[in-house]
$ cat work.csv   # CSV, C-alpha atoms
chain,number,residue,atom,x,y,z
A,184,MET,CA,-93.4,1.4,72.0
A,185,LYS,CA,-94.7,4.7,73.4
A,186,SER,CA,-93.4,7.0,76.0
A,187,ALA,CA,-95.4,8.5,78.8
A,188,ASN,CA,-96.4,11.5,76.7
A,189,GLY,CA,-97.4,9.2,73.8
A,190,ALA,CA,-94.6,10.1,71.4
A,191,SER,CA,-93.0,7.4,69.5
A,192,GLU,CA,-89.4,6.5,70.5
A,193,PRO,CA,-86.9,7.0,67.8
A,194,GLY,CA,-86.1,3.4,67.3
A,195,GLY,CA,-89.4,1.7,68.1
A,196,GLY,CA,-92.2,0.6,65.9
A,197,ALA,CA,-92.5,-0.4,62.3
A,198,ALA,CA,-92.5,3.2,61.0
A,199,GLY,CA,-89.2,3.9,62.9
A,200,SER,CA,-87.7,0.8,61.5
A,201,ARG,CA,-88.7,1.8,58.0
A,202,GLU,CA,-87.3,5.2,58.5
A,203,ALA,CA,-84.1,3.7,60.0
A,204,CYS,CA,-83.7,1.4,57.1
A,205,ALA,CA,-84.4,4.2,54.6
A,206,CYS,CA,-81.8,6.4,56.2
A,207,GLY,CA,-78.6,6.7,54.2
A,208,ARG,CA,-80.2,5.8,50.9
A,209,ARG,CA,-80.1,8.2,48.1
A,210,GLY,CA,-83.2,10.5,48.2
A,211,ALA,CA,-84.3,9.2,51.7
A,212,ARG,CA,-85.4,11.6,54.4
A,213,HIS,CA,-82.9,12.2,57.2
A,214,VAL,CA,-84.1,11.3,60.7
A,215,ALA,CA,-82.3,13.5,63.2
A,216,GLY,CA,-80.8,11.8,66.2
A,217,HIS,CA,-81.1,8.3,64.7
A,218,PRO,CA,-77.9,6.2,65.3
A,219,ARG,CA,-77.5,5.3,61.7
A,220,CYS,CA,-78.1,8.8,60.7
A,221,ALA,CA,-75.2,10.2,62.7
A,222,ARG,CA,-73.5,11.1,59.4
A,223,PRO,CA,-75.4,13.6,57.3
A,224,PRO,CA,-76.5,12.5,53.9
A,225,PRO,CA,-74.7,13.8,50.8
A,226,GLY,CA,-75.4,17.4,50.2
A,227,ALA,CA,-76.7,18.2,53.7
A,228,ARG,CA,-75.7,21.6,55.0
A,229,LEU,CA,-74.2,21.6,58.5
A,230,SER,CA,-74.5,24.2,61.0
A,231,PRO,CA,-71.3,25.4,62.7
A,232,THR,CA,-72.8,24.5,66.0
A,233,SER,CA,-73.7,20.9,65.1
A,234,ARG,CA,-71.8,18.1,66.9
A,235,GLU,CA,-71.4,16.3,63.6
A,236,VAL,CA,-69.3,19.1,62.4
A,237,ARG,CA,-65.6,18.1,62.8
A,238,GLN,CA,-63.7,20.2,65.2
A,239,ARG,CA,-61.8,23.0,63.4
A,240,PRO,CA,-58.1,22.8,63.9
A,241,SER,CA,-57.1,25.2,66.7
A,242,ARG,CA,-54.7,28.0,65.9
A,243,PRO,CA,-51.2,26.6,66.1
A,244,HIS,CA,-49.1,27.7,69.0
A,245,ALA,CA,-46.7,30.6,68.3
A,246,ALA,CA,-43.7,28.2,68.8
A,247,SER,CA,-44.9,26.0,65.9
A,248,ARG,CA,-44.9,28.9,63.5
A,249,GLY,CA,-41.7,30.0,61.8
A,250,ARG,CA,-40.4,33.5,61.4
A,251,GLY,CA,-42.7,35.5,59.3
A,252,GLY,CA,-45.8,33.6,60.4
A,253,ARG,CA,-45.2,30.6,58.2
A,254,ARG,CA,-46.5,27.4,59.7
A,255,GLN,CA,-44.0,24.6,60.2
A,256,PRO,CA,-44.7,21.0,59.5
A,257,THR,CA,-45.6,18.9,62.6
A,258,GLY,CA,-42.6,17.5,64.4
A,259,MET,CA,-40.1,20.1,62.9
A,260,ARG,CA,-38.4,22.7,65.0
A,261,PRO,CA,-38.8,26.3,63.8
A,262,ALA,CA,-35.8,27.8,62.0
A,263,GLY,CA,-33.5,29.7,64.2
A,264,TYR,CA,-34.1,27.6,67.3
A,265,ARG,CA,-31.6,25.3,68.9
A,266,GLY,CA,-29.1,25.4,66.1
A,267,VAL,CA,-31.6,25.1,63.2
A,268,PRO,CA,-30.2,27.5,60.6
A,269,THR,CA,-32.6,30.0,58.9
A,270,ALA,CA,-32.9,30.1,55.2
A,271,PRO,CA,-30.5,33.0,54.6
A,272,ARG,CA,-27.9,31.5,56.9
A,273,ALA,CA,-28.2,28.1,55.2
A,274,ARG,CA,-27.7,29.8,51.8
A,275,LEU,CA,-24.6,31.6,53.0
A,276,ALA,CA,-23.2,28.5,54.4
A,277,LEU,CA,-23.8,26.7,51.1
A,278,LEU,CA,-22.2,29.5,49.2
A,279,ALA,CA,-19.2,29.4,51.4
A,280,LEU,CA,-18.7,25.8,50.5
A,281,LEU,CA,-19.4,26.1,46.8
A,282,VAL,CA,-17.4,29.3,46.0
A,283,PRO,CA,-13.9,27.6,46.3
A,284,LEU,CA,-15.2,24.7,44.3
A,285,LEU,CA,-16.7,26.8,41.6
A,286,GLY,CA,-13.6,29.0,41.4
A,287,ALA,CA,-11.4,25.9,40.8
A,288,LEU,CA,-13.5,24.7,37.9
A,289,GLY,CA,-11.9,25.6,34.7
A,290,ALA,CA,-9.1,27.6,36.3
A,291,PRO,CA,-5.6,27.0,35.1
A,292,ALA,CA,-3.2,25.0,37.4
A,293,GLU,CA,-0.3,27.3,38.4
A,294,LEU,CA,3.2,26.2,39.6
A,295,ARG,CA,5.8,28.7,40.9
A,296,VAL,CA,9.4,27.6,40.9
A,297,ARG,CA,12.7,29.2,41.7
A,298,VAL,CA,15.2,28.7,38.8
A,299,ARG,CA,18.8,29.4,38.3
A,300,LEU,CA,19.7,31.4,35.3
A,301,PRO,CA,22.8,30.7,33.1
A,302,ASP,CA,24.6,33.6,34.7
A,303,GLY,CA,24.1,32.1,38.1
A,304,GLN,CA,21.3,34.4,39.3
A,305,VAL,CA,18.1,33.1,40.7
A,306,ALA,CA,14.7,34.2,39.4
A,307,GLU,CA,11.1,33.1,40.0
A,308,GLU,CA,9.2,31.4,37.2
A,309,SER,CA,5.4,30.9,36.9
A,310,LEU,CA,4.0,28.0,34.9
A,311,GLN,CA,0.3,27.6,34.1
A,312,ALA,CA,-1.5,24.8,32.4
A,313,ASP,CA,-5.0,24.9,31.1
A,314,SER,CA,-6.1,21.4,30.0
A,315,ASP,CA,-9.5,22.6,28.8
A,316,ARG,CA,-7.9,25.0,26.3
A,317,ASP,CA,-4.9,22.6,25.8
A,318,SER,CA,-2.3,25.3,26.4
A,319,ILE,CA,0.7,26.1,28.6
A,320,SER,CA,2.1,29.5,29.6
A,321,LEU,CA,5.4,30.4,31.2
A,322,GLU,CA,6.5,33.7,32.6
A,323,LEU,CA,9.9,34.7,33.9
A,324,ARG,CA,11.1,38.0,35.2
A,325,LYS,CA,14.9,38.5,35.0
A,326,PRO,CA,16.8,40.5,37.6
A,327,ASP,CA,17.3,43.3,35.1
A,328,GLY,CA,13.5,43.8,34.8
A,329,THR,CA,13.1,42.0,31.5
A,330,LEU,CA,9.9,40.0,31.4
A,331,ILE,CA,9.9,36.9,29.2
A,332,SER,CA,6.6,35.0,28.4
A,333,PHE,CA,6.1,31.8,26.5
A,334,THR,CA,2.8,30.3,25.4
A,335,ALA,CA,2.2,26.9,23.8
A,336,ASP,CA,-1.1,26.5,22.1
A,337,PHE,CA,-1.4,22.8,21.2
A,338,LYS,CA,-4.8,23.1,19.5
A,339,LYS,CA,-3.4,25.6,16.9
A,340,SER,CA,0.2,24.3,16.9
A,341,VAL,CA,1.5,27.8,17.8
A,342,LYS,CA,4.3,29.0,20.1
A,343,ILE,CA,4.3,32.6,21.2
A,344,PHE,CA,7.3,34.3,22.7
A,345,ARG,CA,7.0,37.8,24.2
A,346,ALA,CA,9.8,40.0,25.4
A,347,LEU,CA,9.1,43.1,27.5
A,348,THR,CA,12.3,45.1,27.8
A,349,LEU,CA,12.7,48.2,29.9
A,350,GLY,CA,14.0,51.2,28.1
A,351,GLU,CA,16.8,53.7,29.1
A,352,LEU,CA,15.2,57.1,29.3
A,353,GLU,CA,18.5,58.9,29.4
A,354,LYS,CA,19.2,57.4,25.9
A,355,GLY,CA,15.9,58.6,24.5
A,356,GLN,CA,14.3,55.2,24.7
A,357,SER,CA,10.7,54.7,25.6
A,358,GLN,CA,9.7,53.3,29.0
A,359,PHE,CA,9.5,49.8,27.7
A,360,GLN,CA,9.4,48.0,24.3
A,361,ALA,CA,7.5,44.8,23.6
A,362,LEU,CA,8.2,42.2,20.9
A,363,CYS,CA,6.3,39.1,20.0
A,364,PHE,CA,7.6,36.1,17.9
A,365,VAL,CA,5.2,33.4,16.7
A,366,THR,CA,6.5,30.1,15.5
A,367,ARG,CA,5.1,26.6,14.9
A,368,LEU,CA,4.8,24.3,17.9
A,369,HIS,CA,6.0,20.8,17.7
A,370,HIS,CA,4.6,18.3,20.2
A,371,ASN,CA,8.1,17.3,21.4
A,372,ASP,CA,8.9,20.9,22.4
A,373,ILE,CA,7.3,20.7,25.8
A,374,ILE,CA,5.2,18.2,27.8
A,375,PRO,CA,1.4,18.0,27.2
A,376,SER,CA,-0.9,20.4,29.1
A,377,GLU,CA,-2.5,17.5,31.0
A,378,ALA,CA,0.8,16.4,32.4
A,379,MET,CA,1.8,20.0,33.3
A,380,ALA,CA,-1.4,20.5,35.2
A,381,LYS,CA,-0.5,17.6,37.5
A,382,LEU,CA,3.0,18.9,38.5
A,383,ARG,CA,3.6,19.5,42.1
A,384,GLN,CA,6.8,20.3,44.1
A,385,LYS,CA,7.6,19.2,47.6
A,386,ASN,CA,10.0,22.1,48.5
A,387,PRO,CA,8.9,25.4,47.0
A,388,ARG,CA,12.0,27.1,48.2
A,389,ALA,CA,14.3,24.8,46.3
A,390,VAL,CA,16.3,26.3,43.4
A,391,ARG,CA,15.7,24.3,40.2
A,392,GLN,CA,18.4,23.9,37.6
A,393,ALA,CA,17.7,22.4,34.2
A,394,GLU,CA,18.9,18.8,33.7
A,395,GLU,CA,19.4,19.2,29.9
A,396,ALA,CA,20.7,22.2,27.9
A,397,ARG,CA,19.2,22.1,24.5
A,398,GLY,CA,21.1,23.7,21.6
A,399,PRO,CA,20.3,27.4,20.8
A,400,GLU,CA,18.0,28.1,17.9
A,401,HIS,CA,18.5,31.0,15.5
A,402,LEU,CA,15.4,32.2,13.6
A,403,HIS,CA,15.1,34.7,10.8
A,404,MET,CA,11.7,36.4,11.1
A,405,ASP,CA,10.6,37.7,7.7
A,406,VAL,CA,6.8,38.1,8.1
A,407,ALA,CA,4.8,40.5,10.1
A,408,VAL,CA,1.5,39.4,11.8
A,409,ASN,CA,-1.7,41.6,11.8
A,410,PHE,CA,-2.6,41.9,15.4
A,411,SER,CA,-6.3,42.7,14.7
A,412,GLN,CA,-6.7,39.2,13.1
A,413,GLY,CA,-4.3,37.4,15.5
A,414,ALA,CA,-7.2,35.5,17.1
A,415,LEU,CA,-7.5,33.5,13.9
A,416,LEU,CA,-4.0,32.2,14.4
A,417,SER,CA,-4.3,31.6,18.1
A,418,PRO,CA,-6.8,32.9,20.7
A,419,HIS,CA,-3.9,33.5,23.1
A,420,LEU,CA,-2.2,36.0,20.8
A,421,ARG,CA,-4.4,38.9,21.7
A,422,ASN,CA,-3.6,38.7,25.4
A,423,ALA,CA,0.1,37.8,25.0
A,424,CYS,CA,0.9,40.4,22.4
A,425,ALA,CA,-1.4,43.3,23.4
A,426,GLU,CA,1.6,45.6,24.2
A,427,ALA,CA,3.4,44.6,20.9
A,428,ALA,CA,0.6,45.1,18.4
A,429,ASP,CA,2.9,46.6,15.8
A,430,ALA,CA,5.8,44.2,16.4
A,431,ILE,CA,4.6,40.6,15.9
A,432,TYR,CA,6.9,38.5,13.7
A,433,THR,CA,7.0,35.0,12.2
A,434,ARG,CA,8.6,33.0,9.4
A,435,GLN,CA,7.6,32.1,5.9
A,436,GLU,CA,8.0,28.4,6.5
A,437,ASP,CA,5.7,28.6,9.5
A,438,VAL,CA,3.2,30.6,7.5
A,439,ARG,CA,3.0,27.9,4.8
A,440,PHE,CA,2.2,25.3,7.5
A,441,TRP,CA,-0.6,27.4,9.0
A,442,LEU,CA,-2.1,28.2,5.5
A,443,GLU,CA,-2.4,24.5,5.0
A,444,GLN,CA,-4.3,24.3,8.2
A,445,GLY,CA,-6.9,26.9,6.9
A,446,VAL,CA,-5.5,30.1,8.4
A,447,ASP,CA,-6.4,33.2,6.3
A,448,SER,CA,-3.4,34.6,4.4
A,449,SER,CA,-4.6,38.2,4.8
A,450,MET,CA,-3.2,38.4,8.4
A,451,PHE,CA,0.4,38.0,7.2
A,452,ARG,CA,2.6,40.7,5.6
A,453,THR,CA,6.0,39.9,4.1
A,454,LEU,CA,8.8,42.2,5.3
A,455,PRO,CA,11.3,43.8,3.0
A,456,LYS,CA,13.9,41.3,1.7
A,457,ASP,CA,17.6,41.6,2.4
A,458,THR,CA,19.1,44.0,0.0
A,459,GLU,CA,22.4,43.8,-1.8
A,460,PRO,CA,24.6,44.3,0.1
A,461,PRO,CA,22.7,42.8,3.1
A,462,LEU,CA,21.5,45.2,5.7
A,463,PRO,CA,23.8,45.5,8.7
A,464,ARG,CA,23.0,44.6,12.2
A,465,CYS,CA,21.5,47.5,14.2
A,466,GLY,CA,24.4,47.4,16.5
A,467,GLN,CA,26.7,48.4,13.6
A,468,VAL,CA,24.6,51.4,12.5
A,469,GLY,CA,25.2,54.8,14.0
A,470,ASP,CA,22.3,56.6,12.2
A,471,ARG,CA,19.1,56.1,14.3
A,472,GLY,CA,16.9,56.7,11.2
A,473,ALA,CA,18.5,54.0,9.0
A,474,PRO,CA,17.0,50.5,8.5
A,475,CYS,CA,18.8,47.6,9.9
A,476,VAL,CA,18.5,44.0,11.1
A,477,CYS,CA,17.6,43.8,14.8
A,478,ARG,CA,18.4,40.8,17.0
A,479,CYS,CA,16.6,39.8,20.1
A,480,GLY,CA,17.8,36.9,22.3
A,481,LEU,CA,15.5,35.0,24.7
A,482,SER,CA,16.2,32.1,27.0
A,483,LEU,CA,13.9,29.7,28.8
A,484,ALA,CA,15.9,28.8,31.8
A,485,TRP,CA,13.8,25.9,33.1
A,486,TYR,CA,10.8,24.2,31.6
A,487,PRO,CA,9.5,20.6,31.6
A,488,CYS,CA,10.5,19.3,28.1
A,489,MET,CA,10.0,15.5,28.4
A,490,LEU,CA,8.1,12.9,30.4
A,491,LYS,CA,10.1,10.2,32.2
A,492,TYR,CA,8.9,6.6,32.0
A,493,CYS,CA,9.8,3.9,34.5
A,494,HIS,CA,9.6,0.1,34.4
A,495,SER,CA,8.4,-2.2,37.1
A,496,ARG,CA,8.0,-5.9,37.5
A,497,ASP,CA,4.4,-5.4,38.6
A,498,ARG,CA,3.5,-3.5,35.5
A,499,PRO,CA,3.9,-4.9,32.0
A,500,ALA,CA,4.1,-1.5,30.3
A,501,PRO,CA,6.2,1.5,31.1
A,502,TYR,CA,4.4,4.2,33.2
A,503,LYS,CA,4.9,7.9,33.7
A,504,CYS,CA,7.0,8.6,36.8
A,505,GLY,CA,8.3,12.2,36.4
A,506,ILE,CA,9.6,14.9,34.1
A,507,ARG,CA,12.9,16.0,32.6
A,508,SER,CA,13.7,19.7,32.7
A,509,CYS,CA,15.5,21.6,29.9
A,510,ARG,CA,16.8,25.1,29.1
A,511,LYS,CA,17.0,26.5,25.7
A,512,GLY,CA,18.0,29.8,24.1
A,513,TYR,CA,16.5,31.5,21.0
A,514,SER,CA,17.8,34.2,18.8
A,515,PHE,CA,15.4,36.2,16.5
A,516,ASP,CA,16.5,38.4,13.7
A,517,PHE,CA,14.0,40.8,12.1
A,518,TYR,CA,13.9,43.9,9.9
A,519,VAL,CA,13.2,47.3,11.4
A,520,PRO,CA,12.9,50.5,9.3
A,521,GLN,CA,14.8,52.6,11.9
A,522,ARG,CA,17.7,52.0,14.1
A,523,GLN,CA,15.9,53.6,17.1
A,524,LEU,CA,13.4,50.7,17.2
A,525,CYS,CA,16.3,48.4,18.3
A,526,LEU,CA,18.3,50.4,20.7
A,527,TRP,CA,19.1,47.4,23.0
A,528,ASP,CA,21.0,45.7,20.2
A,529,GLU,CA,24.4,47.2,20.8
A,530,ASP,CA,26.6,44.2,20.1
A,531,PRO,CA,28.5,44.2,16.8
$ encode --input "work.csv" --output "structure tokens"
Amino acid sequence: MKSANGASEPGGGAAGSREACACGRRGARHVAGHPRCARPPPGARLSPTSREVRQRPSRPHAASRGRGGRRQPTGMRPAGYRGVPTAPRARLALLALLVPLLGALGAPAELRVRVRLPDGQVAEESLQADSDRDSISLELRKPDGTLISFTADFKKSVKIFRALTLGELEKGQSQFQALCFVTRLHHNDIIPSEAMAKLRQKNPRAVRQAEEARGPEHLHMDVAVNFSQGALLSPHLRNACAEAADAIYTRQEDVRFWLEQGVDSSMFRTLPKDTEPPLPRCGQVGDRGAPCVCRCGLSLAWYPCMLKYCHSRDRPAPYKCGIRSCRKGYSFDFYVPQRQLCLWDEDP
């Protein structure tokens, strides 16, 4: 069909049909305005003003952009509006929650108790258990200022006693004197570190008194320990005996046991043997430059020494239901080359 001006209509006639049928085929000519040619053929270049060009997305509203000009996903509120925390605030809130948890990981469990000493006085005692390192430490400050520390290293089978004694300046003594005594640890000496870490007390102000008084132990320390190699014996020795680097003592029988466990013998030095006649106690020697045998007494006033087991009809096997507390005294004798190194030993 023809229009009034004689031009062919876009869709009329055989030629138009052929062009319409050819439109869209690969290599066919594009007929502008034809209904089937609304989409441009592949590779056609569109003008920005053509209707076929899809509308460009309009510039997002300022409210849909976050701080700093970053575009927010559709449907989400920008950070900082109506209670939505910004990234720095969210990190700070997360850190506030994680710091207490991270600080608790790997940290030793500590228990502070008030204990009654054998002379009737009350002192505060601190107990720490580290189940990861399989160790227990105890610290007690006596009313006279003496600080007693005890460390049990279950991995190395080592017990470390430390005594920090205040000196009397008017008698020519130093400000304090530190001594360390290292002996073999037996597993029945104290409860395991896992059990110690679980201990709790309902009344922190209560004064604890040991249920059992274990017999005193007298030990003759005849070997000196090299502090610079002390970590080979126990990793706790460096911290526990830092103030007593030149006064760390042990026994021959304990050294033999540790040598069998693979400890290097170069870290031990045998002290002079008792002479004939035997050396006197330092308390009996008047000359401060003379050698003598010094004695140091320590006492653990309260410590968990055993686990209690209970029986029940509902449980076929005994189960742990508490602890038994003990107290124990130790007496250490050791050689000193001069009386002035043992001024506290004034007893005959």
$ atom_distance --input "work.csv" --atom1 "atom CA of A:Gln467" --atom2 "atom CA of A:Cys525"
11.4 Å
$ residues_near_point --input "work.csv" --point "(5.1, 36.0, 13.2)" --cutoff "9 Å" --atoms "all atoms listed in the file" --output "MDAnalysis selection string"
chainID A and resid 343 363:366 404:409 430:435 437:438 451
$ write_last_selection --input "work.csv" --atoms "C-alpha atoms" --output "PDB file, keeping the file's coordinate frame"
ATOM      1  CA  ILE A 343       4.300  32.600  21.200  1.00  0.00           C
ATOM      2  CA  CYS A 363       6.300  39.100  20.000  1.00  0.00           C
ATOM      3  CA  PHE A 364       7.600  36.100  17.900  1.00  0.00           C
ATOM      4  CA  VAL A 365       5.200  33.400  16.700  1.00  0.00           C
ATOM      5  CA  THR A 366       6.500  30.100  15.500  1.00  0.00           C
ATOM      6  CA  MET A 404      11.700  36.400  11.100  1.00  0.00           C
ATOM      7  CA  ASP A 405      10.600  37.700   7.700  1.00  0.00           C
ATOM      8  CA  VAL A 406       6.800  38.100   8.100  1.00  0.00           C
ATOM      9  CA  ALA A 407       4.800  40.500  10.100  1.00  0.00           C
ATOM     10  CA  VAL A 408       1.500  39.400  11.800  1.00  0.00           C
ATOM     11  CA  ASN A 409      -1.700  41.600  11.800  1.00  0.00           C
ATOM     12  CA  ALA A 430       5.800  44.200  16.400  1.00  0.00           C
ATOM     13  CA  ILE A 431       4.600  40.600  15.900  1.00  0.00           C
ATOM     14  CA  TYR A 432       6.900  38.500  13.700  1.00  0.00           C
ATOM     15  CA  THR A 433       7.000  35.000  12.200  1.00  0.00           C
ATOM     16  CA  ARG A 434       8.600  33.000   9.400  1.00  0.00           C
ATOM     17  CA  GLN A 435       7.600  32.100   5.900  1.00  0.00           C
ATOM     18  CA  ASP A 437       5.700  28.600   9.500  1.00  0.00           C
ATOM     19  CA  VAL A 438       3.200  30.600   7.500  1.00  0.00           C
ATOM     20  CA  PHE A 451       0.400  38.000   7.200  1.00  0.00           C
TER      21      PHE A 451
END
$ residues_around --input "work.csv" --residues "A:Pro463" --least-positions-apart "3" --cutoff "8 Å" --atoms "only C-alpha atoms" --output "PDB file with C-alpha atoms, keeping the file's coordinate frame"
ATOM      1  CA  GLN A 467      26.700  48.400  13.600  1.00  0.00           C
ATOM      2  CA  VAL A 468      24.600  51.400  12.500  1.00  0.00           C
ATOM      3  CA  CYS A 475      18.800  47.600   9.900  1.00  0.00           C
ATOM      4  CA  VAL A 476      18.500  44.000  11.100  1.00  0.00           C
TER       5      VAL A 476
END
$ closest_residue --input "work.csv" --among "A:Arg439, A:Arg297, A:Arg452, A:Lys491" --to "A:Val390" --atoms "all atoms listed in the file"
A:Arg297
$ residues_around --input "work.csv" --residues "A:Thr348" --least-positions-apart "5" --cutoff "8 Å" --atoms "all atoms listed in the file" --output "ChimeraX atom specification"
/A:328-330,359-361
$ residues_around --input "work.csv" --residues "stretch 411-414 of chain A" --least-positions-apart "3" --cutoff "9 Å" --atoms "all atoms listed in the file" --output "VMD selection string"
chain A and resid 408 417 to 421 428 449 to 450
$ atom_distance --input "work.csv" --atom1 "atom CA of A:Lys381" --atom2 "atom CA of A:Val298"
19.3 Å
$ atom_distance --input "work.csv" --atom1 "atom CA of A:Leu415" --atom2 "atom CA of A:Ser340"
12.4 Å
$ closest_residue --input "work.csv" --among "A:His403, A:Arg471, A:Lys338, A:Arg397" --to "A:Ser376" --atoms "all atoms listed in the file"
A:Lys338
$ residues_near_point --input "work.csv" --point "(18.6, 35.5, 25.1)" --cutoff "8 Å" --atoms "only C-alpha atoms" --output "list in words"
Cys479, Gly480, Leu481, Ser482, Gly512, Tyr513 and Ser514 of chain A
$ closest_residue --input "work.csv" --among "A:Ile331, A:Ile373, A:Lys325, A:Arg383" --to "A:Arg295" --atoms "only C-alpha atoms"
A:Arg383
$ closest_residue --input "work.csv" --among "A:Leu382, A:Leu524, A:Leu368, A:Ala425" --to "A:Arg345" --atoms "all atoms listed in the file"
A:Ala425
$ residues_around --input "work.csv" --residues "A:Lys511" --least-positions-apart "4" --cutoff "7 Å" --atoms "all atoms listed in the file" --output "ChimeraX atom specification"
/A:396-399,482-484
$ closest_residue --input "work.csv" --among "A:Arg367, A:Glu308, A:Asp327, A:Gly472" --to "A:Leu349" --atoms "only C-alpha atoms"
A:Asp327
$ residues_around --input "work.csv" --residues "A:Tyr486" --least-positions-apart "6" --cutoff "12 Å" --atoms "only C-alpha atoms" --output "VMD selection string"
chain A and resid 294 to 299 308 to 311 319 to 323 333 to 335 372 to 374 379 382 391 to 397 506 to 512
$ build_atoms --input "work.csv" --residues "stretch 466-479 of chain A" --atoms "N, CA, C and O atoms" --output "PDB file, keeping the file's coordinate frame"
ATOM      1  N   GLY A 466      23.333  47.008  15.685  1.00  0.00           N
ATOM      2  CA  GLY A 466      24.400  47.400  16.500  1.00  0.00           C
ATOM      3  C   GLY A 466      25.587  48.018  15.788  1.00  0.00           C
ATOM      4  O   GLY A 466      26.463  48.659  16.394  1.00  0.00           O
ATOM      5  N   GLN A 467      25.615  47.885  14.468  1.00  0.00           N
ATOM      6  CA  GLN A 467      26.700  48.400  13.600  1.00  0.00           C
ATOM      7  C   GLN A 467      26.283  49.731  12.944  1.00  0.00           C
ATOM      8  O   GLN A 467      27.079  50.278  12.182  1.00  0.00           O
ATOM      9  N   VAL A 468      25.066  50.174  13.194  1.00  0.00           N
ATOM     10  CA  VAL A 468      24.600  51.400  12.500  1.00  0.00           C
ATOM     11  C   VAL A 468      24.545  52.523  13.499  1.00  0.00           C
ATOM     12  O   VAL A 468      24.012  52.402  14.613  1.00  0.00           O
ATOM     13  N   GLY A 469      25.128  53.642  13.092  1.00  0.00           N
ATOM     14  CA  GLY A 469      25.200  54.800  14.000  1.00  0.00           C
ATOM     15  C   GLY A 469      23.947  55.710  13.744  1.00  0.00           C
ATOM     16  O   GLY A 469      23.518  56.403  14.676  1.00  0.00           O
ATOM     17  N   ASP A 470      23.394  55.736  12.535  1.00  0.00           N
ATOM     18  CA  ASP A 470      22.300  56.600  12.200  1.00  0.00           C
ATOM     19  C   ASP A 470      20.980  55.961  12.751  1.00  0.00           C
ATOM     20  O   ASP A 470      20.593  54.856  12.327  1.00  0.00           O
ATOM     21  N   ARG A 471      20.291  56.645  13.675  1.00  0.00           N
ATOM     22  CA  ARG A 471      19.100  56.100  14.300  1.00  0.00           C
ATOM     23  C   ARG A 471      17.913  56.027  13.315  1.00  0.00           C
ATOM     24  O   ARG A 471      16.922  55.368  13.594  1.00  0.00           O
ATOM     25  N   GLY A 472      17.989  56.696  12.208  1.00  0.00           N
ATOM     26  CA  GLY A 472      16.900  56.700  11.200  1.00  0.00           C
ATOM     27  C   GLY A 472      17.123  55.691  10.110  1.00  0.00           C
ATOM     28  O   GLY A 472      16.270  55.576   9.210  1.00  0.00           O
ATOM     29  N   ALA A 473      18.229  54.933  10.124  1.00  0.00           N
ATOM     30  CA  ALA A 473      18.500  54.000   9.000  1.00  0.00           C
ATOM     31  C   ALA A 473      17.949  52.642   9.301  1.00  0.00           C
ATOM     32  O   ALA A 473      17.869  52.206  10.449  1.00  0.00           O
ATOM     33  N   PRO A 474      17.524  51.910   8.261  1.00  0.00           N
ATOM     34  CA  PRO A 474      17.000  50.500   8.500  1.00  0.00           C
ATOM     35  C   PRO A 474      18.149  49.593   8.782  1.00  0.00           C
ATOM     36  O   PRO A 474      19.305  49.799   8.395  1.00  0.00           O
ATOM     37  N   CYS A 475      17.830  48.534   9.478  1.00  0.00           N
ATOM     38  CA  CYS A 475      18.800  47.600   9.900  1.00  0.00           C
ATOM     39  C   CYS A 475      18.154  46.264  10.306  1.00  0.00           C
ATOM     40  O   CYS A 475      16.923  46.179  10.358  1.00  0.00           O
ATOM     41  N   VAL A 476      18.948  45.265  10.629  1.00  0.00           N
ATOM     42  CA  VAL A 476      18.500  44.000  11.100  1.00  0.00           C
ATOM     43  C   VAL A 476      18.649  43.932  12.618  1.00  0.00           C
ATOM     44  O   VAL A 476      19.787  44.016  13.106  1.00  0.00           O
ATOM     45  N   CYS A 477      17.559  43.799  13.333  1.00  0.00           N
ATOM     46  CA  CYS A 477      17.600  43.800  14.800  1.00  0.00           C
ATOM     47  C   CYS A 477      17.655  42.332  15.279  1.00  0.00           C
ATOM     48  O   CYS A 477      17.088  41.421  14.658  1.00  0.00           O
ATOM     49  N   ARG A 478      18.320  42.135  16.382  1.00  0.00           N
ATOM     50  CA  ARG A 478      18.400  40.800  17.000  1.00  0.00           C
ATOM     51  C   ARG A 478      17.935  40.850  18.425  1.00  0.00           C
ATOM     52  O   ARG A 478      18.315  41.734  19.195  1.00  0.00           O
ATOM     53  N   CYS A 479      17.114  39.891  18.762  1.00  0.00           N
ATOM     54  CA  CYS A 479      16.600  39.800  20.100  1.00  0.00           C
ATOM     55  C   CYS A 479      16.832  38.357  20.610  1.00  0.00           C
ATOM     56  O   CYS A 479      16.424  37.383  19.953  1.00  0.00           O
TER      57      CYS A 479
END
